[in-house]
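Everything below concerns the one structure shown next.
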There are 2 protein chains.
Amino acid sequence: MPSACPNPAPSIDKVNTEYVESLVGYNARRAALVIIEQFLQRMAAYDLRPVEFSVLSLIGHNPGITSRQLCATLSILPPNLVGMINQFEKHGLVIKRPHPSDGRATGLHPTPACEALLREAEKTALELENEATARLSAAERKTLIRLLKKVYL
Amino acid sequence: MPSACPNPAPSIDKVNTEYVESLVGYNARRAALVIIEQFLQRMAAYDLRPVEFSVLSLIGHNPGITSRQLCATLSILPPNLVGMINQFEKHGLVIKRPHPSDGRATGLHPTPACEALLREAEKTALELENEATARLSAAERKTLIRLLKKVYL
DNA sequence: TATTGTTATACTCTATAACTATA
DNA sequence: TATAGTTATAGAGTATAACAATA
């Protein structure tokens with residue numbers, strides 16, 4: 001018998017969020033989701049979502065990086081990277097070249113088009129970052145990043 | 001002609017992550033994912049995932065809260081809450097009672113079993129929080145939460 | 001007309017198992 | 001035997017559209 005009660009009960013006017021807001025995990029997730037939401041809007045112009053942007057940026061700053069290295073760096077699973085890389089290659093943003101010493105691996109290299117796209121996209125990313133963290137001072141922003149790194153690195 | 005180059009190219013020994021790590025969004029997401037991973041492991045004993053835990057905790061601290069208020073507070077969509085609440089009701093954790101003044105709304109109330117579960121689950125959540133943020137001092141942890149709130153509130 | 005709660009459904013993201021080619 | 005990359009697929013999480021009941 002699923003418990004149901006027919007009698008009305010007092011309602012809540014202001015929600016008490018004290019407990020959940022005392023958790024780092026809760027706050028980090030909420031903050032990340034807010035920034036990601038703005039990211040999706042602003043970066044739609046480049047057809048780049050957060051993970052795709054991170055992958056392309058890492059390739060741009062690390063020509064010759066392998067899929068394995070990307071997966072390890074970003075904590076993504078290999079099967080979920082294959083299609084992304086193929087799309088980048090199809091759109092002329094990434095070129096695959098043989099790894100110099102490991103015949104199993106493939107080096108991923110940015111094309112000039114990739115580098116041009118990244119110049120714009122990374123500029124936009126910094127802009128939206130500054131907007132999303134507008135209520136933080138430069139020092140606070142630096143502190144926030146330092147403390148977040150101490151959690152996940 | 002999808003650009004492929006047959007000539008080997010130098011490989012990357014150490015990945016340069018400088019740019020992505022300069023973004024608050026990237027760091028917040030990575031930190032949140034690390035904590036959530038630990039959360040999933042530790043809270044599996046209670047069969048509670050992060051959102052379910054947040055919902056149940058808010059009901060426990062706000063007897064009579066409505067689905068609408070939960071959705072607004074946690075930024076989740078009403079259709080994705082229905083099944084969750086029904087499961088809680090089915091497991092004897094939540095009771096629905098009529099809203100005192102709004103015939104459309106339903107007040108959600110914790111059962112004694114819910115309160116007992118929350119005492120254990122919230123204790124476990126605090127433990128894993130302290131483990132996940134073990135590299136932070138108490139002051140740093142407080143600062144981190146304060147700065148994260150300034151981003152999303 | 002707007003809002004609460006609901007159903008059905010689609011889409012995205014992430015996870016697992018199994019395979020090949022090479023080390 | 002272990003690893004890099006791939007394929008196919010399953011699952012979880014999230015989003016949209018439309019509806020009934022009430023305000």
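In the structure tokens, chains take the letters A, B, ... in the order shown, each chain's residues start at 1, and ligands count up from 1 in the order shown.
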
Interface, chain A side, toward chain C (12 Å; only C-alpha atoms (C1' of nucleotides)) as a short mmCIF file (atom, residue, chain, number, x, y, z; two decimals) with C-alpha atoms, in the first residue's frame:
data_model
loop_
_atom_site.label_atom_id
_atom_site.label_comp_id
_atom_site.auth_asym_id
_atom_site.auth_seq_id
_atom_site.Cartn_x
_atom_site.Cartn_y
_atom_site.Cartn_z
CA ARG A 49 30.66 21.53 -27.39
CA PRO A 50 32.79 21.49 -24.22
CA VAL A 51 34.55 18.17 -24.76
CA SER A 75 39.20 11.24 -18.73
CA ILE A 76 37.15 10.23 -21.75
CA LEU A 77 36.78 6.71 -23.09
CA PRO A 78 38.39 5.70 -26.40
CA PRO A 79 35.13 4.62 -28.11
CA ASN A 80 33.65 8.05 -27.46
CA LEU A 81 36.58 9.80 -29.12
CA SER A 101 58.00 4.84 -33.11
CA ASP A 102 54.70 3.06 -32.36
CA GLY A 103 52.95 1.47 -35.32
CA ARG A 104 49.74 1.07 -33.35
CA ALA A 105 49.37 4.75 -32.53
CA THR A 106 48.31 7.67 -34.71
#

TODO: Using backbone DSSP assignments, extract all alpha helix (DSSP H) residues from chain A; output them as a ChimeraX atom specification.
DONE: /A:24-43,50-61,67-74,79-90,112-132,138-152

Task: Computed interatomic separation between CA of Thr111 (chain A) and CA of Leu48 (chain A) (Å) - done: 16.5 Å

List as a short mmCIF file (atom, residue, chain, number, x, y, z; two decimals) with C-alpha atoms, in the first residue's frame the protein and nucleic acid residues near Leu93 (chain B), meaning an atom at most 12 Å away when only C-alpha atoms (C1' of nucleotides) are counted, but skip any in the same chain fewer than 5 places from it.
data_model
loop_
_atom_site.label_atom_id
_atom_site.label_comp_id
_atom_site.auth_asym_id
_atom_site.auth_seq_id
_atom_site.Cartn_x
_atom_site.Cartn_y
_atom_site.Cartn_z
CA PRO A 2 1.83 3.10 -1.23
CA SER A 3 1.44 5.61 1.55
CA ALA A 4 -0.82 8.52 0.60
CA GLU B 52 18.44 11.69 -6.25
CA VAL B 55 16.18 15.75 -4.14
CA LEU B 56 15.72 13.49 -1.13
CA SER B 57 17.84 15.75 1.05
CA ILE B 59 12.57 16.95 0.83
CA GLY B 60 13.99 15.93 4.21
CA MET B 84 12.17 9.70 -9.26
CA ILE B 85 9.45 10.85 -6.85
CA ASN B 86 7.28 7.86 -7.71
CA GLN B 87 10.17 5.53 -6.87
CA PHE B 88 10.71 7.29 -3.56
CA LEU B 108 6.25 16.02 -0.68
CA HIS B 109 6.96 14.77 2.83
CA PRO B 110 9.73 12.55 4.21
CA THR B 111 8.77 9.39 6.09
CA PRO B 112 10.63 8.27 9.21
CA ALA B 113 12.42 5.78 6.96
CA CYS B 114 13.51 8.68 4.76
CA GLU B 115 14.81 10.61 7.75
CA ALA B 116 16.75 7.58 8.95
CA LEU B 117 18.21 7.04 5.49
CA LEU B 118 19.19 10.69 5.19
#

TODO: Please report as a PyMOL selection string which residues of chain A come no farther than 6 Å from chain B, using only C-alpha atoms.
DONE: chain A and resi 2-5+8-9+11-12+24-25+27-29+31-32+34-35+64-65+90+95-100+133+145+148+151-152

- [ ] Specify as a list in words all residues of chain D found within 12 Å of chain B, counting only C-alpha atoms (C1' of nucleotides).
- [x] DA12, DG13, DT14, DA15, DT16, DA17, DA20, DA21, DT22 and DA23 of chain D

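The residues of chain B that DSSP assigns to strand (DSSP E) on this backbone come out as Val94, Ile95, Lys96, Arg97, Pro98, Thr106, Gly107, Leu108, His109 and Pro110 of chain B.
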
Task: Distance of CA of Gln38 (chain A) from CA of Arg68 (chain B), expressed in Å to one decimal place - done: 23.7 Å
